[in-house]
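Peer 1: Sharing target-v7.cif, mmCIF, N, CA and C atoms and all ligand atoms:
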```
data_target
loop_
_atom_site.label_atom_id
_atom_site.label_comp_id
_atom_site.auth_asym_id
_atom_site.auth_seq_id
_atom_site.Cartn_x
_atom_site.Cartn_y
_atom_site.Cartn_z
N MET A 1 -11.35 -18.74 -0.18
CA MET A 1 -10.60 -18.58 -1.44
C MET A 1 -9.10 -18.70 -1.15
N ASN A 2 -8.38 -19.26 -2.12
CA ASN A 2 -6.95 -19.45 -1.93
C ASN A 2 -6.18 -18.17 -2.27
N CYS A 3 -6.36 -17.16 -1.43
CA CYS A 3 -5.74 -15.86 -1.67
C CYS A 3 -5.24 -15.36 -0.32
N ILE A 4 -3.94 -15.03 -0.28
CA ILE A 4 -3.34 -14.60 0.99
C ILE A 4 -4.09 -13.42 1.59
N PHE A 5 -4.42 -12.43 0.75
CA PHE A 5 -5.01 -11.21 1.28
C PHE A 5 -6.49 -11.36 1.63
N CYS A 6 -7.14 -12.43 1.15
CA CYS A 6 -8.51 -12.73 1.61
C CYS A 6 -8.49 -13.41 2.97
N ASN A 7 -7.30 -13.78 3.44
CA ASN A 7 -7.22 -14.56 4.67
C ASN A 7 -6.34 -13.91 5.74
N ILE A 8 -6.24 -12.56 5.70
CA ILE A 8 -5.47 -11.85 6.74
C ILE A 8 -6.36 -11.76 7.99
N PRO A 9 -5.86 -12.21 9.14
CA PRO A 9 -6.70 -12.13 10.35
C PRO A 9 -6.88 -10.69 10.82
N PRO A 10 -8.08 -10.33 11.29
CA PRO A 10 -8.34 -8.95 11.73
C PRO A 10 -7.36 -8.46 12.81
N GLU A 11 -6.77 -9.36 13.56
CA GLU A 11 -5.80 -8.94 14.60
C GLU A 11 -4.61 -8.22 13.96
N ALA A 12 -4.37 -8.47 12.67
CA ALA A 12 -3.21 -7.84 12.01
C ALA A 12 -3.53 -6.44 11.48
N TYR A 13 -4.79 -6.05 11.51
CA TYR A 13 -5.16 -4.75 10.95
C TYR A 13 -4.57 -3.61 11.78
N VAL A 14 -3.94 -2.66 11.10
CA VAL A 14 -3.45 -1.44 11.77
C VAL A 14 -4.60 -0.44 11.87
N VAL A 15 -5.33 -0.29 10.77
CA VAL A 15 -6.56 0.52 10.74
C VAL A 15 -7.52 -0.18 9.78
N GLU A 16 -8.81 0.13 9.89
CA GLU A 16 -9.78 -0.44 8.93
C GLU A 16 -10.99 0.48 8.81
N ASN A 17 -11.71 0.32 7.70
CA ASN A 17 -13.03 0.93 7.57
C ASN A 17 -13.94 -0.07 6.87
N THR A 18 -15.06 0.38 6.34
CA THR A 18 -16.05 -0.55 5.78
C THR A 18 -15.47 -1.40 4.65
N HIS A 19 -14.62 -0.83 3.81
CA HIS A 19 -14.20 -1.54 2.60
C HIS A 19 -12.71 -1.90 2.53
N PHE A 20 -11.91 -1.38 3.46
CA PHE A 20 -10.45 -1.60 3.39
C PHE A 20 -9.87 -1.81 4.78
N PHE A 21 -8.70 -2.43 4.81
CA PHE A 21 -7.90 -2.48 6.04
C PHE A 21 -6.44 -2.26 5.65
N ALA A 22 -5.61 -1.99 6.64
CA ALA A 22 -4.18 -1.83 6.38
C ALA A 22 -3.40 -2.76 7.29
N ILE A 23 -2.31 -3.32 6.73
CA ILE A 23 -1.41 -4.16 7.53
C ILE A 23 0.02 -3.71 7.26
N LYS A 24 0.93 -4.12 8.16
CA LYS A 24 2.34 -3.88 7.91
C LYS A 24 2.83 -4.83 6.83
N ASP A 25 3.63 -4.33 5.90
CA ASP A 25 4.20 -5.23 4.89
C ASP A 25 5.17 -6.18 5.59
N ARG A 26 5.17 -7.45 5.17
CA ARG A 26 6.04 -8.43 5.85
C ARG A 26 7.52 -8.23 5.48
N ALA A 27 7.78 -7.50 4.42
CA ALA A 27 9.17 -7.22 4.02
C ALA A 27 9.29 -5.73 3.76
N PRO A 28 9.25 -4.90 4.80
CA PRO A 28 9.18 -3.44 4.60
C PRO A 28 10.42 -2.89 3.90
N VAL A 29 10.20 -2.00 2.92
CA VAL A 29 11.34 -1.36 2.26
C VAL A 29 11.81 -0.14 3.03
N THR A 30 10.93 0.45 3.84
CA THR A 30 11.33 1.50 4.78
C THR A 30 10.56 1.24 6.08
N LYS A 31 10.97 1.94 7.13
CA LYS A 31 10.30 1.82 8.42
C LYS A 31 8.83 2.23 8.29
N GLY A 32 7.92 1.30 8.59
CA GLY A 32 6.50 1.61 8.55
C GLY A 32 5.78 1.25 7.26
N HIS A 33 6.50 0.72 6.28
CA HIS A 33 5.88 0.32 4.99
C HIS A 33 4.63 -0.52 5.27
N ALA A 34 3.50 -0.06 4.73
CA ALA A 34 2.22 -0.74 5.00
C ALA A 34 1.46 -0.93 3.69
N LEU A 35 0.46 -1.80 3.76
CA LEU A 35 -0.37 -2.08 2.59
C LEU A 35 -1.82 -1.81 2.94
N ILE A 36 -2.51 -1.09 2.07
CA ILE A 36 -3.97 -0.96 2.19
C ILE A 36 -4.57 -2.01 1.28
N ILE A 37 -5.44 -2.82 1.84
CA ILE A 37 -5.99 -4.00 1.15
C ILE A 37 -7.51 -3.90 1.15
N SER A 38 -8.12 -4.26 0.02
CA SER A 38 -9.59 -4.23 -0.06
C SER A 38 -10.18 -5.45 0.65
N LYS A 39 -11.34 -5.26 1.26
CA LYS A 39 -12.04 -6.39 1.88
C LYS A 39 -12.68 -7.27 0.82
N ARG A 40 -13.05 -6.67 -0.30
CA ARG A 40 -13.61 -7.43 -1.41
C ARG A 40 -12.46 -7.91 -2.29
N HIS A 41 -12.57 -9.12 -2.82
CA HIS A 41 -11.50 -9.64 -3.69
C HIS A 41 -11.67 -9.10 -5.12
N PHE A 42 -10.70 -8.31 -5.55
CA PHE A 42 -10.58 -7.93 -6.96
C PHE A 42 -9.12 -7.59 -7.16
N GLN A 43 -8.71 -7.43 -8.42
CA GLN A 43 -7.27 -7.41 -8.67
C GLN A 43 -6.59 -6.04 -8.59
N THR A 44 -7.17 -5.03 -9.22
CA THR A 44 -6.42 -3.77 -9.31
C THR A 44 -7.30 -2.55 -9.07
N PHE A 45 -6.63 -1.41 -8.99
CA PHE A 45 -7.29 -0.12 -8.80
C PHE A 45 -8.41 0.12 -9.80
N PHE A 46 -8.26 -0.42 -10.99
CA PHE A 46 -9.21 -0.12 -12.07
C PHE A 46 -10.59 -0.74 -11.82
N GLU A 47 -10.68 -1.61 -10.81
CA GLU A 47 -11.97 -2.22 -10.46
C GLU A 47 -12.57 -1.64 -9.18
N VAL A 48 -11.94 -0.63 -8.60
CA VAL A 48 -12.50 0.00 -7.40
C VAL A 48 -13.84 0.65 -7.76
N SER A 49 -14.86 0.42 -6.93
CA SER A 49 -16.19 0.95 -7.24
C SER A 49 -16.30 2.42 -6.81
N PRO A 50 -17.31 3.13 -7.33
CA PRO A 50 -17.50 4.54 -6.93
C PRO A 50 -17.70 4.68 -5.42
N GLU A 51 -18.35 3.71 -4.77
CA GLU A 51 -18.49 3.79 -3.31
C GLU A 51 -17.14 3.54 -2.63
N GLU A 52 -16.43 2.50 -3.09
CA GLU A 52 -15.16 2.14 -2.44
C GLU A 52 -14.14 3.26 -2.52
N ILE A 53 -14.13 4.03 -3.60
CA ILE A 53 -13.09 5.05 -3.77
C ILE A 53 -13.15 6.07 -2.62
N LEU A 54 -14.32 6.33 -2.10
CA LEU A 54 -14.45 7.27 -0.98
C LEU A 54 -13.80 6.70 0.28
N TYR A 55 -13.99 5.40 0.46
CA TYR A 55 -13.41 4.73 1.62
C TYR A 55 -11.90 4.56 1.46
N LEU A 56 -11.46 4.48 0.20
CA LEU A 56 -10.01 4.39 -0.04
C LEU A 56 -9.34 5.68 0.41
N ARG A 57 -9.93 6.80 0.05
CA ARG A 57 -9.39 8.09 0.49
C ARG A 57 -9.35 8.15 2.01
N GLU A 58 -10.44 7.71 2.63
CA GLU A 58 -10.51 7.78 4.09
C GLU A 58 -9.41 6.94 4.73
N ILE A 59 -9.22 5.71 4.22
CA ILE A 59 -8.26 4.84 4.92
C ILE A 59 -6.82 5.29 4.65
N VAL A 60 -6.57 5.90 3.48
CA VAL A 60 -5.23 6.46 3.25
C VAL A 60 -4.93 7.52 4.32
N LEU A 61 -5.91 8.36 4.61
CA LEU A 61 -5.69 9.42 5.61
C LEU A 61 -5.59 8.84 7.02
N LEU A 62 -6.39 7.80 7.31
CA LEU A 62 -6.30 7.15 8.63
C LEU A 62 -4.93 6.52 8.83
N LEU A 63 -4.46 5.83 7.79
CA LEU A 63 -3.15 5.17 7.90
C LEU A 63 -2.04 6.20 7.99
N LYS A 64 -2.13 7.26 7.20
CA LYS A 64 -1.11 8.32 7.26
C LYS A 64 -1.02 8.88 8.68
N ALA A 65 -2.17 9.12 9.29
CA ALA A 65 -2.17 9.66 10.65
C ALA A 65 -1.49 8.68 11.62
N ALA A 66 -1.78 7.39 11.46
CA ALA A 66 -1.16 6.38 12.35
C ALA A 66 0.35 6.33 12.12
N LEU A 67 0.78 6.41 10.86
CA LEU A 67 2.22 6.34 10.56
C LEU A 67 2.93 7.62 11.00
N ASP A 68 2.27 8.77 10.82
CA ASP A 68 2.85 10.04 11.30
C ASP A 68 3.08 9.97 12.80
N ASP A 69 2.07 9.41 13.50
CA ASP A 69 2.14 9.31 14.95
C ASP A 69 3.29 8.39 15.39
N GLU A 70 3.40 7.23 14.74
CA GLU A 70 4.38 6.23 15.19
C GLU A 70 5.80 6.52 14.71
N PHE A 71 5.93 7.01 13.45
CA PHE A 71 7.28 7.07 12.85
C PHE A 71 7.74 8.47 12.45
N GLN A 72 6.84 9.45 12.39
CA GLN A 72 7.18 10.82 11.95
C GLN A 72 7.97 10.86 10.64
N PRO A 73 7.47 10.23 9.57
CA PRO A 73 8.18 10.30 8.29
C PRO A 73 8.17 11.71 7.72
N GLU A 74 9.12 11.96 6.79
CA GLU A 74 9.19 13.29 6.15
C GLU A 74 8.52 13.32 4.78
N GLY A 75 8.10 12.16 4.30
CA GLY A 75 7.41 12.08 3.00
C GLY A 75 6.85 10.69 2.82
N PHE A 76 6.16 10.47 1.71
CA PHE A 76 5.57 9.16 1.41
C PHE A 76 5.67 8.87 -0.07
N ASN A 77 5.85 7.61 -0.41
CA ASN A 77 5.55 7.12 -1.75
C ASN A 77 4.32 6.25 -1.64
N LEU A 78 3.34 6.49 -2.53
CA LEU A 78 2.16 5.63 -2.63
C LEU A 78 2.28 4.90 -3.96
N GLY A 79 2.18 3.58 -3.91
CA GLY A 79 2.40 2.85 -5.17
C GLY A 79 1.53 1.62 -5.32
N MET A 80 1.17 1.35 -6.56
CA MET A 80 0.36 0.18 -6.88
C MET A 80 0.96 -0.50 -8.09
N ASN A 81 1.15 -1.79 -7.98
CA ASN A 81 1.61 -2.57 -9.12
C ASN A 81 0.37 -3.24 -9.71
N CYS A 82 -0.08 -2.76 -10.84
CA CYS A 82 -1.34 -3.26 -11.43
C CYS A 82 -1.02 -4.19 -12.59
N GLY A 83 -1.00 -5.48 -12.28
CA GLY A 83 -0.72 -6.49 -13.30
C GLY A 83 0.67 -7.07 -13.16
N ARG A 84 0.81 -8.32 -13.61
CA ARG A 84 2.08 -9.04 -13.47
C ARG A 84 3.25 -8.28 -14.11
N HIS A 85 3.00 -7.65 -15.24
CA HIS A 85 4.11 -7.00 -15.94
C HIS A 85 4.47 -5.66 -15.31
N ALA A 86 3.64 -5.20 -14.38
CA ALA A 86 3.96 -3.99 -13.61
C ALA A 86 4.51 -4.38 -12.24
N GLY A 87 4.74 -5.67 -12.00
CA GLY A 87 5.36 -6.10 -10.75
C GLY A 87 4.41 -6.64 -9.71
N GLN A 88 3.13 -6.78 -10.04
CA GLN A 88 2.17 -7.30 -9.04
C GLN A 88 2.45 -8.79 -8.81
N THR A 89 2.53 -9.15 -7.54
CA THR A 89 2.78 -10.56 -7.19
C THR A 89 1.60 -11.17 -6.46
N ILE A 90 0.78 -10.34 -5.82
CA ILE A 90 -0.43 -10.83 -5.15
C ILE A 90 -1.61 -10.16 -5.85
N PHE A 91 -2.47 -10.99 -6.42
CA PHE A 91 -3.48 -10.47 -7.35
C PHE A 91 -4.79 -10.17 -6.63
N HIS A 92 -4.64 -9.40 -5.58
CA HIS A 92 -5.74 -8.88 -4.77
C HIS A 92 -5.35 -7.44 -4.48
N PHE A 93 -6.28 -6.50 -4.68
CA PHE A 93 -5.99 -5.07 -4.58
C PHE A 93 -5.18 -4.71 -3.32
N HIS A 94 -4.06 -4.03 -3.53
CA HIS A 94 -3.31 -3.46 -2.40
C HIS A 94 -2.55 -2.24 -2.87
N LEU A 95 -2.53 -1.26 -2.00
CA LEU A 95 -1.83 0.00 -2.24
C LEU A 95 -0.68 0.09 -1.25
N HIS A 96 0.54 0.20 -1.78
CA HIS A 96 1.71 0.34 -0.91
C HIS A 96 1.78 1.77 -0.38
N ILE A 97 1.92 1.92 0.92
CA ILE A 97 2.14 3.23 1.54
C ILE A 97 3.54 3.16 2.16
N ILE A 98 4.45 3.92 1.56
CA ILE A 98 5.86 3.79 1.94
C ILE A 98 6.35 5.10 2.55
N PRO A 99 6.52 5.10 3.87
CA PRO A 99 7.03 6.32 4.51
C PRO A 99 8.47 6.59 4.07
N ARG A 100 8.82 7.86 3.93
CA ARG A 100 10.18 8.22 3.54
C ARG A 100 10.78 9.17 4.57
N TYR A 101 12.10 9.10 4.68
CA TYR A 101 12.82 9.83 5.73
C TYR A 101 13.99 10.59 5.11
N ALA A 102 14.32 11.70 5.71
CA ALA A 102 15.39 12.53 5.15
C ALA A 102 16.67 11.73 4.99
N ASP A 103 16.95 10.78 5.89
CA ASP A 103 18.22 10.08 5.83
C ASP A 103 18.14 8.74 5.07
N ASP A 104 17.00 8.46 4.39
CA ASP A 104 16.95 7.18 3.65
C ASP A 104 17.39 7.34 2.21
N ASN A 105 17.84 8.55 1.85
CA ASN A 105 18.20 8.84 0.46
C ASN A 105 19.47 9.67 0.47
N PRO A 106 20.59 9.07 0.93
CA PRO A 106 21.81 9.85 1.17
C PRO A 106 22.35 10.55 -0.07
N ASP A 107 22.05 10.01 -1.27
CA ASP A 107 22.55 10.65 -2.49
C ASP A 107 21.67 11.79 -2.96
N GLU A 108 20.58 12.03 -2.19
CA GLU A 108 19.64 13.12 -2.53
C GLU A 108 19.14 12.97 -3.97
N LYS A 109 18.81 11.73 -4.36
CA LYS A 109 18.28 11.52 -5.71
C LYS A 109 16.90 12.16 -5.82
N THR A 110 16.59 12.61 -7.00
CA THR A 110 15.25 13.15 -7.23
C THR A 110 14.44 12.14 -8.04
N GLY A 111 13.16 12.31 -8.07
CA GLY A 111 12.36 11.51 -8.98
C GLY A 111 11.53 10.43 -8.34
N GLY A 112 11.88 9.99 -7.11
CA GLY A 112 11.06 9.00 -6.42
C GLY A 112 10.78 7.78 -7.27
N LEU A 113 9.49 7.42 -7.37
CA LEU A 113 9.09 6.21 -8.09
C LEU A 113 9.64 6.18 -9.51
N ARG A 114 9.61 7.33 -10.16
CA ARG A 114 10.07 7.39 -11.54
C ARG A 114 11.53 6.93 -11.64
N GLU A 115 12.34 7.40 -10.69
CA GLU A 115 13.76 7.04 -10.73
C GLU A 115 13.97 5.56 -10.43
N TYR A 116 13.18 5.00 -9.47
CA TYR A 116 13.35 3.58 -9.15
C TYR A 116 13.02 2.72 -10.35
N ILE A 117 11.97 3.11 -11.07
CA ILE A 117 11.58 2.30 -12.23
C ILE A 117 12.64 2.41 -13.32
N GLN A 118 13.15 3.61 -13.52
CA GLN A 118 14.21 3.78 -14.53
C GLN A 118 15.43 2.93 -14.17
N ASP A 119 15.71 2.82 -12.86
CA ASP A 119 16.88 2.06 -12.41
C ASP A 119 16.78 0.58 -12.76
N ILE A 120 15.53 0.03 -12.74
CA ILE A 120 15.42 -1.42 -12.97
C ILE A 120 15.16 -1.78 -14.43
N LEU A 121 14.81 -0.78 -15.24
CA LEU A 121 14.49 -1.11 -16.64
C LEU A 121 15.74 -1.05 -17.51
P1 LIG B 201 3.15 -6.59 -4.98
O1 LIG B 201 4.48 -6.94 -5.57
O2 LIG B 201 2.10 -7.61 -5.32
O3 LIG B 201 2.73 -5.19 -5.27
O4 LIG B 201 3.39 -6.59 -3.42
C1 LIG B 201 3.03 -7.59 -2.54
C2 LIG B 201 3.51 -7.14 -1.18
O5 LIG B 201 2.88 -7.96 -0.20
C3 LIG B 201 5.02 -7.27 -0.98
O6 LIG B 201 5.52 -6.00 -0.56
C4 LIG B 201 5.16 -8.34 0.10
O7 LIG B 201 6.24 -8.09 0.95
C5 LIG B 201 3.82 -8.28 0.80
N1 LIG B 201 3.34 -9.53 1.35
C6 LIG B 201 3.25 -10.70 0.69
N2 LIG B 201 2.70 -11.66 1.47
C7 LIG B 201 2.45 -11.08 2.66
C8 LIG B 201 1.90 -11.56 3.89
O8 LIG B 201 1.52 -12.72 4.03
N3 LIG B 201 1.78 -10.65 4.91
C9 LIG B 201 2.18 -9.35 4.77
N4 LIG B 201 2.04 -8.57 5.83
N5 LIG B 201 2.71 -8.87 3.64
C10 LIG B 201 2.84 -9.71 2.59
ZN ZN B 202 -8.23 -12.10 -2.31
#
```
Produce structure tokens that represent the structure in this file.
Peer 2:
Amino acid sequence: MNCIFCNIPPEAYVVENTHFFAIKDRAPVTKGHALIISKRHFQTFFEVSPEEILYLREIVLLLKAALDDEFQPEGFNLGMNCGRHAGQTIFHFHLHIIPRYADDNPDEKTGGLREYIQDIL
């Protein structure tokens, strides 16, 4: 299939389980920014099956442990752009896992994702 995320080579996987794998984002917004990607091709979270949701939880925890080990972040943003009008550019399920650090927010802004969205609208 002509889909970038259907064609990621297994050598790029940071962690994987039966239904998902994680890779480093090619344009990280913070140190360690990674994507959890489904092995099955579908577009958004709303199509995750009851079986897959259990594996999604597992791989989020596996990836968090790997990122904690490598980068020691102080927080995380987890984000999904579901649909073109929500900012999705690759129409294959992926969950952004964005490590956050005490010094990446010098203005001490509050609100996380909510504030970023308000900033661009
Ligand atoms: P979206 O805007 O669809 O939520 O995010 C797509 C993400 O995939 C972006 O953060 C982008 O940097 C990342 N990305 C796009 N193509 C590739 C690729 O070929 N390899 C990797 N590792 N990341 C990609
Ligand atoms: Zn795909």
Peer 1: For ligand LIG 201 (chain B), collect every residue having any atom at a distance of at most 6 Å from a ligand atom (counting all atoms listed in the file); output as a short mmCIF file (atom, residue, chain, number, x, y, z; two decimals) with N, CA and C atoms, keeping the file's coordinate frame.
Peer 2:
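In the end it all went to selection-v1.cif:
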```cif
data_model
loop_
_atom_site.label_atom_id
_atom_site.label_comp_id
_atom_site.auth_asym_id
_atom_site.auth_seq_id
_atom_site.Cartn_x
_atom_site.Cartn_y
_atom_site.Cartn_z
N ILE A 23 -2.31 -3.32 6.73
CA ILE A 23 -1.41 -4.16 7.53
C ILE A 23 0.02 -3.71 7.26
N LYS A 24 0.93 -4.12 8.16
CA LYS A 24 2.34 -3.88 7.91
C LYS A 24 2.83 -4.83 6.83
N ASP A 25 3.63 -4.33 5.90
CA ASP A 25 4.20 -5.23 4.89
C ASP A 25 5.17 -6.18 5.59
N ARG A 26 5.17 -7.45 5.17
CA ARG A 26 6.04 -8.43 5.85
C ARG A 26 7.52 -8.23 5.48
N ALA A 27 7.78 -7.50 4.42
CA ALA A 27 9.17 -7.22 4.02
C ALA A 27 9.29 -5.73 3.76
N PRO A 28 9.25 -4.90 4.80
CA PRO A 28 9.18 -3.44 4.60
C PRO A 28 10.42 -2.89 3.90
N MET A 80 1.17 1.35 -6.56
CA MET A 80 0.36 0.18 -6.88
C MET A 80 0.96 -0.50 -8.09
N ASN A 81 1.15 -1.79 -7.98
CA ASN A 81 1.61 -2.57 -9.12
C ASN A 81 0.37 -3.24 -9.71
N GLY A 87 4.74 -5.67 -12.00
CA GLY A 87 5.36 -6.10 -10.75
C GLY A 87 4.41 -6.64 -9.71
N GLN A 88 3.13 -6.78 -10.04
CA GLN A 88 2.17 -7.30 -9.04
C GLN A 88 2.45 -8.79 -8.81
N THR A 89 2.53 -9.15 -7.54
CA THR A 89 2.78 -10.56 -7.19
C THR A 89 1.60 -11.17 -6.46
N ILE A 90 0.78 -10.34 -5.82
CA ILE A 90 -0.43 -10.83 -5.15
C ILE A 90 -1.61 -10.16 -5.85
N PHE A 91 -2.47 -10.99 -6.42
CA PHE A 91 -3.48 -10.47 -7.35
C PHE A 91 -4.79 -10.17 -6.63
#
```
Peer 1: Mind pulling up the distance from atom CA of Ile36 of chain A to atom CA of Leu54 of chain A?
Peer 2: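 Answer for the atom CA of Leu54 of chain A to atom CA of Ile36 of chain A separation: 13.7 Å.
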Peer 1: To one decimal in Å, tell me the separation between atom CA of Gly112 of chain A and atom C of Phe46 of chain A.
Peer 2: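 So the two atoms, atom CA of Gly112 of chain A and atom C of Phe46 of chain A, lie 24.3 Å apart.
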Peer 1: Do you have, as a tab-separated table, the list of residues of chain A lying at most 8 Å from ligand ZN 202 (chain B), each with its nearest atom pair and that distance in Å to one decimal, counting all atoms listed in the file and ordered by chain then number?
Peer 2:
```
residue	atom	partner	partner_atom	distance
A:Met1	C	B:ZN202	ZN	6.8
A:Asn2	C	B:ZN202	ZN	6.4
A:Cys3	CA	B:ZN202	ZN	4.6
A:Ile4	N	B:ZN202	ZN	5.6
A:Phe5	C	B:ZN202	ZN	4.4
A:Cys6	N	B:ZN202	ZN	3.6
A:Asn7	N	B:ZN202	ZN	6.1
A:Ser38	C	B:ZN202	ZN	7.5
A:Lys39	C	B:ZN202	ZN	7.3
A:Arg40	C	B:ZN202	ZN	6.0
A:His41	CA	B:ZN202	ZN	4.3
A:Phe42	N	B:ZN202	ZN	5.6
A:Gln43	N	B:ZN202	ZN	7.7
A:Ile90	C	B:ZN202	ZN	7.8
A:Phe91	C	B:ZN202	ZN	5.8
A:His92	CA	B:ZN202	ZN	4.8
A:Phe93	N	B:ZN202	ZN	6.4
```
Peer 1: Go ahead and compute the interatomic distance for atom N of Leu121 of chain A and atom C of Ala86 of chain A, in Å to one decimal.
Peer 2: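 Value for the atom N of Leu121 of chain A-atom C of Ala86 of chain A distance: 11.3 Å.
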Peer 1: According to DSSP computed on the backbone, where in chain A is there alpha helix (DSSP H)? Give the residues as a ChimeraX atom specification.
Peer 2: /A:50-71,113-120
